[in-house]
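J.: My structure is in model-v9.cif, and what it holds is mmCIF, C-alpha atoms:
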```cif
data_coords
loop_
_atom_site.group_PDB
_atom_site.id
_atom_site.type_symbol
_atom_site.label_atom_id
_atom_site.label_comp_id
_atom_site.auth_asym_id
_atom_site.auth_seq_id
_atom_site.Cartn_x
_atom_site.Cartn_y
_atom_site.Cartn_z
ATOM 1 C CA MET A 1 -179.817 76.505 -77.841
ATOM 2 C CA PRO A 2 -180.411 76.082 -81.565
ATOM 3 C CA ILE A 3 -177.409 75.481 -83.788
ATOM 4 C CA ILE A 4 -176.904 78.312 -86.245
ATOM 5 C CA GLU A 5 -175.479 78.196 -89.728
ATOM 6 C CA GLY A 6 -172.370 80.262 -88.895
ATOM 7 C CA GLU A 7 -171.613 78.515 -85.595
ATOM 8 C CA GLU A 8 -167.943 77.959 -86.429
ATOM 9 C CA GLU A 9 -167.622 81.629 -87.405
ATOM 10 C CA PHE A 10 -169.172 82.592 -84.049
ATOM 11 C CA ARG A 11 -166.773 80.295 -82.174
ATOM 12 C CA GLU A 12 -163.812 81.835 -83.992
ATOM 13 C CA TYR A 13 -165.058 85.321 -83.150
ATOM 14 C CA VAL A 14 -165.340 84.409 -79.451
ATOM 15 C CA ARG A 15 -161.859 82.843 -79.470
ATOM 16 C CA ALA A 16 -160.328 85.902 -81.141
ATOM 17 C CA ARG A 17 -162.171 88.713 -79.336
ATOM 18 C CA GLY A 18 -163.116 87.038 -76.035
ATOM 19 C CA PRO A 19 -160.152 88.289 -73.957
ATOM 20 C CA SER A 20 -160.622 91.899 -75.064
ATOM 21 C CA LEU A 21 -164.373 91.759 -74.460
ATOM 22 C CA LEU A 22 -163.780 90.205 -71.030
ATOM 23 C CA ARG A 23 -161.490 93.137 -70.105
ATOM 24 C CA THR A 24 -164.267 95.530 -71.110
ATOM 25 C CA ALA A 25 -166.802 93.562 -69.075
ATOM 26 C CA HIS A 26 -164.469 93.603 -66.066
ATOM 27 C CA GLN A 27 -164.111 97.370 -66.312
ATOM 28 C CA LEU A 28 -167.882 97.760 -66.542
ATOM 29 C CA THR A 29 -168.639 95.533 -63.547
ATOM 30 C CA GLY A 30 -165.545 95.971 -61.393
ATOM 31 C CA HIS A 31 -165.517 92.263 -60.472
ATOM 32 C CA PRO A 32 -164.031 89.341 -62.443
ATOM 33 C CA LEU A 33 -166.884 86.880 -61.825
ATOM 34 C CA ASP A 34 -169.549 89.462 -62.652
ATOM 35 C CA ALA A 35 -167.557 90.286 -65.796
ATOM 36 C CA GLU A 36 -167.637 86.646 -66.912
ATOM 37 C CA ASP A 37 -171.405 86.500 -66.345
ATOM 38 C CA LEU A 38 -171.950 89.776 -68.177
ATOM 39 C CA LEU A 39 -169.872 88.679 -71.175
ATOM 40 C CA GLN A 40 -171.582 85.280 -71.248
ATOM 41 C CA ASN A 41 -175.019 86.921 -71.323
ATOM 42 C CA ALA A 42 -173.935 89.335 -74.060
ATOM 43 C CA LEU A 43 -172.437 86.525 -76.146
ATOM 44 C CA THR A 44 -175.638 84.496 -75.708
ATOM 45 C CA ARG A 45 -177.648 87.398 -77.109
ATOM 46 C CA THR A 46 -175.125 87.780 -79.928
ATOM 47 C CA TYR A 47 -175.329 84.049 -80.729
ATOM 48 C CA LEU A 48 -179.113 84.202 -80.931
ATOM 49 C CA ALA A 49 -178.920 87.214 -83.268
ATOM 50 C CA TRP A 50 -175.913 85.942 -85.258
ATOM 51 C CA GLU A 51 -177.779 85.217 -88.498
ATOM 52 C CA ARG A 52 -179.417 88.678 -88.413
ATOM 53 C CA ILE A 53 -176.112 90.551 -87.968
ATOM 54 C CA GLU A 54 -175.087 91.478 -91.492
ATOM 55 C CA ASP A 55 -172.117 93.739 -90.762
ATOM 56 C CA ARG A 56 -169.539 91.433 -89.184
ATOM 57 C CA GLY A 57 -167.180 94.412 -88.817
ATOM 58 C CA SER A 58 -169.425 95.894 -86.146
ATOM 59 C CA LEU A 59 -169.627 92.787 -83.953
ATOM 60 C CA ASP A 60 -167.520 94.312 -81.157
ATOM 61 C CA GLY A 61 -169.875 97.279 -81.004
ATOM 62 C CA TYR A 62 -172.878 94.951 -80.930
ATOM 63 C CA VAL A 63 -171.435 92.894 -78.043
ATOM 64 C CA ARG A 64 -170.294 96.022 -76.127
ATOM 65 C CA ARG A 65 -173.754 97.551 -76.526
ATOM 66 C CA ALA A 66 -175.307 94.308 -75.278
ATOM 67 C CA MET A 67 -172.963 94.347 -72.256
ATOM 68 C CA VAL A 68 -173.831 97.956 -71.452
ATOM 69 C CA ASN A 69 -177.574 97.265 -71.804
ATOM 70 C CA ILE A 70 -177.411 94.142 -69.630
ATOM 71 C CA ASN A 71 -175.300 95.945 -67.038
ATOM 72 C CA ILE A 72 -177.749 98.873 -66.915
ATOM 73 C CA SER A 73 -180.659 96.444 -66.507
ATOM 74 C CA GLN A 74 -178.826 94.799 -63.611
ATOM 75 C CA TRP A 75 -178.217 98.212 -61.962
ATOM 76 C CA ARG A 76 -181.931 98.941 -62.152
ATOM 77 C CA ARG A 77 -182.887 95.568 -60.648
ATOM 78 C CA ARG A 78 -180.269 95.720 -57.914
ATOM 79 C CA LYS A 79 -181.561 96.518 -54.453
ATOM 80 C CA VAL A 80 -180.031 99.665 -53.000
ATOM 81 C CA GLU A 81 -177.462 98.536 -50.452
ATOM 82 C CA GLU A 82 -175.799 101.878 -49.804
ATOM 83 C CA TYR A 83 -177.549 104.685 -48.062
ATOM 84 C CA PRO A 84 -176.538 108.347 -47.802
ATOM 85 C CA SER A 85 -175.011 109.469 -44.522
ATOM 86 C CA ASP A 86 -174.160 112.804 -42.938
ATOM 87 C CA GLU A 87 -170.694 111.528 -42.060
ATOM 88 C CA LEU A 88 -168.210 110.080 -44.506
ATOM 89 C CA PRO A 89 -166.392 106.910 -43.431
ATOM 90 C CA GLU A 90 -162.658 107.173 -42.887
ATOM 91 C CA VAL A 91 -160.676 106.075 -45.886
ATOM 92 C CA ALA A 92 -157.178 104.671 -45.638
ATOM 93 C CA VAL A 93 -154.817 106.770 -47.729
ATOM 94 C CA GLU A 94 -151.842 105.087 -49.291
ATOM 95 C CA PRO A 95 -148.552 106.948 -49.004
ATOM 96 C CA HIS A 96 -147.557 108.738 -52.186
ATOM 97 C CA ASP A 97 -144.835 106.702 -53.871
ATOM 98 C CA SER A 98 -143.443 108.240 -57.029
ATOM 99 C CA HIS A 99 -141.362 105.123 -57.691
ATOM 100 C CA GLY A 100 -144.158 102.549 -57.774
ATOM 101 C CA THR A 101 -143.869 99.701 -60.230
ATOM 102 C CA TYR A 102 -146.159 99.286 -63.196
ATOM 103 C CA GLY A 103 -148.129 96.632 -61.283
ATOM 104 C CA GLU A 104 -148.603 98.878 -58.253
ATOM 105 C CA VAL A 105 -149.810 101.770 -60.388
ATOM 106 C CA HIS A 106 -152.128 99.432 -62.290
ATOM 107 C CA GLU A 107 -153.590 98.031 -59.037
ATOM 108 C CA ARG A 108 -154.128 101.529 -57.639
ATOM 109 C CA LEU A 109 -155.816 102.567 -60.875
ATOM 110 C CA GLU A 110 -158.066 99.474 -60.800
ATOM 111 C CA ARG A 111 -159.112 100.263 -57.218
ATOM 112 C CA ALA A 112 -159.758 103.907 -58.151
ATOM 113 C CA LEU A 113 -161.867 102.803 -61.144
ATOM 114 C CA ASP A 114 -163.830 100.434 -58.900
ATOM 115 C CA GLY A 115 -164.662 103.412 -56.665
ATOM 116 C CA LEU A 116 -166.237 105.412 -59.496
ATOM 117 C CA PRO A 117 -170.006 105.473 -59.992
ATOM 118 C CA GLU A 118 -171.193 103.045 -62.672
ATOM 119 C CA ARG A 119 -171.794 105.640 -65.421
ATOM 120 C CA MET A 120 -168.408 107.292 -64.872
ATOM 121 C CA ARG A 121 -166.652 103.916 -64.950
ATOM 122 C CA ALA A 122 -168.493 102.922 -68.129
ATOM 123 C CA ALA A 123 -167.597 106.236 -69.810
ATOM 124 C CA ILE A 124 -163.894 105.925 -68.850
ATOM 125 C CA VAL A 125 -163.716 102.279 -69.950
ATOM 126 C CA LEU A 126 -165.376 102.919 -73.291
ATOM 127 C CA ARG A 127 -163.462 106.140 -73.974
ATOM 128 C CA TYR A 128 -159.954 105.125 -72.916
ATOM 129 C CA TYR A 129 -159.784 101.337 -72.617
ATOM 130 C CA GLU A 130 -161.844 100.644 -75.734
ATOM 131 C CA ASP A 131 -160.573 103.832 -77.443
ATOM 132 C CA LEU A 132 -164.019 104.891 -78.647
ATOM 133 C CA THR A 133 -164.766 108.447 -79.715
ATOM 134 C CA GLU A 134 -167.008 110.647 -77.588
ATOM 135 C CA PRO A 135 -169.941 110.312 -80.053
ATOM 136 C CA GLU A 136 -169.549 106.504 -79.968
ATOM 137 C CA VAL A 137 -169.551 106.490 -76.160
ATOM 138 C CA ALA A 138 -172.599 108.781 -76.152
ATOM 139 C CA ARG A 139 -174.457 106.448 -78.497
ATOM 140 C CA LEU A 140 -173.570 103.338 -76.469
ATOM 141 C CA LEU A 141 -174.564 104.892 -73.140
ATOM 142 C CA GLY A 142 -177.625 106.655 -74.535
ATOM 143 C CA ILE A 143 -176.464 110.118 -73.435
ATOM 144 C CA SER A 144 -175.397 113.301 -75.211
ATOM 145 C CA VAL A 145 -171.821 114.010 -76.293
ATOM 146 C CA GLY A 146 -171.717 116.932 -73.839
ATOM 147 C CA THR A 147 -172.702 114.588 -71.014
ATOM 148 C CA VAL A 148 -169.920 112.190 -72.067
ATOM 149 C CA LYS A 149 -167.398 115.042 -71.965
ATOM 150 C CA SER A 150 -168.468 116.266 -68.542
ATOM 151 C CA THR A 151 -168.755 112.726 -67.139
ATOM 152 C CA VAL A 152 -165.272 111.798 -68.373
ATOM 153 C CA SER A 153 -163.829 115.063 -67.084
ATOM 154 C CA ARG A 154 -165.337 114.568 -63.618
ATOM 155 C CA ALA A 155 -164.257 110.925 -63.597
ATOM 156 C CA MET A 156 -160.676 111.874 -64.517
ATOM 157 C CA ALA A 157 -160.639 114.464 -61.718
ATOM 158 C CA LYS A 158 -161.882 111.826 -59.258
ATOM 159 C CA LEU A 159 -159.248 109.364 -60.453
ATOM 160 C CA ARG A 160 -156.473 111.944 -60.100
ATOM 161 C CA ASN A 161 -157.736 112.837 -56.630
ATOM 162 C CA GLU A 162 -158.001 109.175 -55.587
ATOM 163 C CA LEU A 163 -154.533 108.423 -56.945
ATOM 164 C CA GLY A 164 -153.119 111.567 -55.325
ATOM 165 C CA ILE A 165 -151.673 112.969 -58.529
ATOM 166 C CA SER A 166 -151.806 116.293 -60.297
ATOM 167 C CA VAL A 167 -151.116 117.094 -63.916
ATOM 168 C CA ALA A 168 -147.545 118.104 -62.997
ATOM 169 C CA ASP A 169 -146.950 114.889 -60.991
ATOM 170 C CA PRO A 170 -144.328 112.468 -62.405
ATOM 171 C CA GLN A 171 -146.771 109.585 -61.945
ATOM 172 C CA VAL A 172 -149.063 111.088 -64.567
ATOM 173 C CA ALA A 173 -146.726 109.574 -67.139
ATOM 174 C CA LYS A 174 -147.205 106.137 -65.560
ATOM 175 C CA VAL A 175 -150.999 106.504 -65.451
ATOM 176 C CA ALA A 176 -150.954 107.698 -69.062
ATOM 177 C CA GLU A 177 -148.880 104.653 -69.976
ATOM 178 C CA VAL A 178 -151.293 102.281 -68.212
ATOM 179 C CA THR A 179 -154.522 103.818 -69.542
ATOM 180 C CA GLY A 180 -153.425 105.443 -72.770
ATOM 181 C CA VAL A 181 -154.885 108.725 -71.460
ATOM 182 C CA THR A 182 -152.828 111.774 -72.330
ATOM 183 C CA ASP A 183 -155.433 114.552 -72.280
ATOM 184 C CA PHE A 184 -155.624 115.212 -68.535
ATOM 185 C CA PRO A 185 -157.734 118.306 -67.840
ATOM 186 C CA GLU A 186 -155.812 120.929 -65.881
ATOM 187 C CA THR A 187 -156.519 121.097 -62.159
ATOM 188 C CA PRO A 188 -155.026 123.541 -59.731
ATOM 189 C CA PRO A 189 -152.496 122.091 -57.260
ATOM 190 C CA PRO A 190 -153.819 121.501 -53.733
ATOM 191 C CA SER A 191 -153.589 124.550 -51.491
ATOM 192 C CA SER A 192 -151.045 124.339 -48.690
ATOM 193 C CA SER A 193 -152.692 127.068 -46.619
ATOM 194 C CA PRO A 194 -154.776 125.962 -43.591
#
```
Can you dump the structure from the file as structure tokens?
T.:
Amino acid sequence: MPIIEGEEEFREYVRARGPSLLRTAHQLTGHPLDAEDLLQNALTRTYLAWERIEDRGSLDGYVRRAMVNINISQWRRRKVEEYPSDELPEVAVEPHDSHGTYGEVHERLERALDGLPERMRAAIVLRYYEDLTEPEVARLLGISVGTVKSTVSRAMAKLRNELGISVADPQVAKVAEVTGVTDFPETPPPSSSP
């Protein structure tokens, strides 16, 4: 790889922002090793374009966009390994524990995020983990703001369902603490009638 003029500046950027960008990559891929590969590829592209990037304040956005683009390209190249079925597989349901520790709640949330479709996971990660606005998420994912809103809303409903919580549930406070999400859309409580 050619040595660029601002190589030390690039190294400092990677040292300073690498951990945060790796967390974003992990949320996009759902797997730590894939996250490292994704971030490495995005940083390689950033390195090659370093001298052309004039606005150093928007570097995080540039790298995140590169990660999203690379990840989307990998989705498209990936061979379909899951096929639709008339019957759903049985899923083990964890008992509802309103006194779980922070680590337990975080692990459950990570597993629930891993179970989301790629676009939903990307929208949740960008919106709540990276704290981007809906228009920013829309621009990064190449979709409309309305699609971001509906995707995030459906993803939040799936997460609540997977975690077995409702808006009135005491664990909502823990999930809000972990994710920074406080704007849970209202959902009716599950019906107890047969």
J.: Running the PyMOL selection byres ((chain A and resi 117) around 12) on this model by hand, what would come out? Give it as a list of chain:residue names.
T.: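 So the PyMOL selection byres ((chain A and resi 117) around 12) ends up selecting A:Gln27, A:Leu28, A:Thr29, A:Gly30, A:Trp75, A:Ala112, A:Leu113, A:Asp114, A:Gly115, A:Leu116, A:Glu118, A:Arg119, A:Met120, A:Arg121, A:Ala122, A:Ala123, A:Ile124, A:Thr151, A:Val152, A:Arg154, A:Ala155, A:Lys158, A:Leu159.
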J.: What is the atom CA of Leu33 of chain A-atom CA of Val105 of chain A distance in Å, reported with one decimal?
T.: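 Taking atom CA of Leu33 of chain A as the start and atom CA of Val105 of chain A as the end point, the length is 22.7 Å.
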J.: Here is a test: counting only C-alpha atoms, which residue of A:Leu163, A:Leu140, A:Ala35, A:Leu43 is nearest to Arg15 of chain A?
T.: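 Going through A:Leu163, A:Leu140, A:Ala35, A:Leu43 one by one, the smallest distance to Arg15 of chain A is for A:Leu43.
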J.: Taking (-176.5, 89.1, -71.3) in the file's coordinates, which residues come within 12 Å, counting only C-alpha atoms, written as number ranges by chain?
T.: A: 25, 34-48, 62-74
J.: Take the residues from that selection and put them in a file with C-alpha atoms, as a PDB file, keeping the file's coordinate frame.
T.:
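Result written to again-v6.pdb:
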```pdb
ATOM      1  CA  ALA A  25    -166.802  93.562 -69.075  1.00  0.00           C
ATOM      2  CA  ASP A  34    -169.549  89.462 -62.652  1.00  0.00           C
ATOM      3  CA  ALA A  35    -167.557  90.286 -65.796  1.00  0.00           C
ATOM      4  CA  GLU A  36    -167.637  86.646 -66.912  1.00  0.00           C
ATOM      5  CA  ASP A  37    -171.405  86.500 -66.345  1.00  0.00           C
ATOM      6  CA  LEU A  38    -171.950  89.776 -68.177  1.00  0.00           C
ATOM      7  CA  LEU A  39    -169.872  88.679 -71.175  1.00  0.00           C
ATOM      8  CA  GLN A  40    -171.582  85.280 -71.248  1.00  0.00           C
ATOM      9  CA  ASN A  41    -175.019  86.921 -71.323  1.00  0.00           C
ATOM     10  CA  ALA A  42    -173.935  89.335 -74.060  1.00  0.00           C
ATOM     11  CA  LEU A  43    -172.437  86.525 -76.146  1.00  0.00           C
ATOM     12  CA  THR A  44    -175.638  84.496 -75.708  1.00  0.00           C
ATOM     13  CA  ARG A  45    -177.648  87.398 -77.109  1.00  0.00           C
ATOM     14  CA  THR A  46    -175.125  87.780 -79.928  1.00  0.00           C
ATOM     15  CA  TYR A  47    -175.329  84.049 -80.729  1.00  0.00           C
ATOM     16  CA  LEU A  48    -179.113  84.202 -80.931  1.00  0.00           C
ATOM     17  CA  TYR A  62    -172.878  94.951 -80.930  1.00  0.00           C
ATOM     18  CA  VAL A  63    -171.435  92.894 -78.043  1.00  0.00           C
ATOM     19  CA  ARG A  64    -170.294  96.022 -76.127  1.00  0.00           C
ATOM     20  CA  ARG A  65    -173.754  97.551 -76.526  1.00  0.00           C
ATOM     21  CA  ALA A  66    -175.307  94.308 -75.278  1.00  0.00           C
ATOM     22  CA  MET A  67    -172.963  94.347 -72.256  1.00  0.00           C
ATOM     23  CA  VAL A  68    -173.831  97.956 -71.452  1.00  0.00           C
ATOM     24  CA  ASN A  69    -177.574  97.265 -71.804  1.00  0.00           C
ATOM     25  CA  ILE A  70    -177.411  94.142 -69.630  1.00  0.00           C
ATOM     26  CA  ASN A  71    -175.300  95.945 -67.038  1.00  0.00           C
ATOM     27  CA  ILE A  72    -177.749  98.873 -66.915  1.00  0.00           C
ATOM     28  CA  SER A  73    -180.659  96.444 -66.507  1.00  0.00           C
ATOM     29  CA  GLN A  74    -178.826  94.799 -63.611  1.00  0.00           C
TER      30      GLN A  74
END
```
J.: I want to know what sits within 10 Å of segment 7-14 of chain A, based on only C-alpha atoms, with residues of the same chain fewer than 5 positions away left out; could you give that as a PDB file with C-alpha atoms, keeping the file's coordinate frame?
T.:
```
ATOM      1  CA  PRO A   2    -180.411  76.082 -81.565  1.00  0.00           C
ATOM      2  CA  PRO A  19    -160.152  88.289 -73.957  1.00  0.00           C
ATOM      3  CA  SER A  20    -160.622  91.899 -75.064  1.00  0.00           C
ATOM      4  CA  LEU A  21    -164.373  91.759 -74.460  1.00  0.00           C
ATOM      5  CA  LEU A  43    -172.437  86.525 -76.146  1.00  0.00           C
ATOM      6  CA  THR A  46    -175.125  87.780 -79.928  1.00  0.00           C
ATOM      7  CA  TYR A  47    -175.329  84.049 -80.729  1.00  0.00           C
ATOM      8  CA  TRP A  50    -175.913  85.942 -85.258  1.00  0.00           C
ATOM      9  CA  GLU A  51    -177.779  85.217 -88.498  1.00  0.00           C
ATOM     10  CA  ARG A  56    -169.539  91.433 -89.184  1.00  0.00           C
ATOM     11  CA  LEU A  59    -169.627  92.787 -83.953  1.00  0.00           C
ATOM     12  CA  ASP A  60    -167.520  94.312 -81.157  1.00  0.00           C
TER      13      ASP A  60
END
```
J.: Can you measure atom CA of Lys149 of chain A to atom CA of Arg127 of chain A for me? One decimal in Å is fine.
T.: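 One can read the atom CA of Lys149 of chain A to atom CA of Arg127 of chain A distance as 9.9 Å.
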J.: Go ahead and compute the interatomic distance for atom CA of Ser153 of chain A and atom CA of Glu136 of chain A, in Å to one decimal.
T.: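 Interatomic distance, atom CA of Ser153 of chain A to atom CA of Glu136 of chain A: 16.5 Å.
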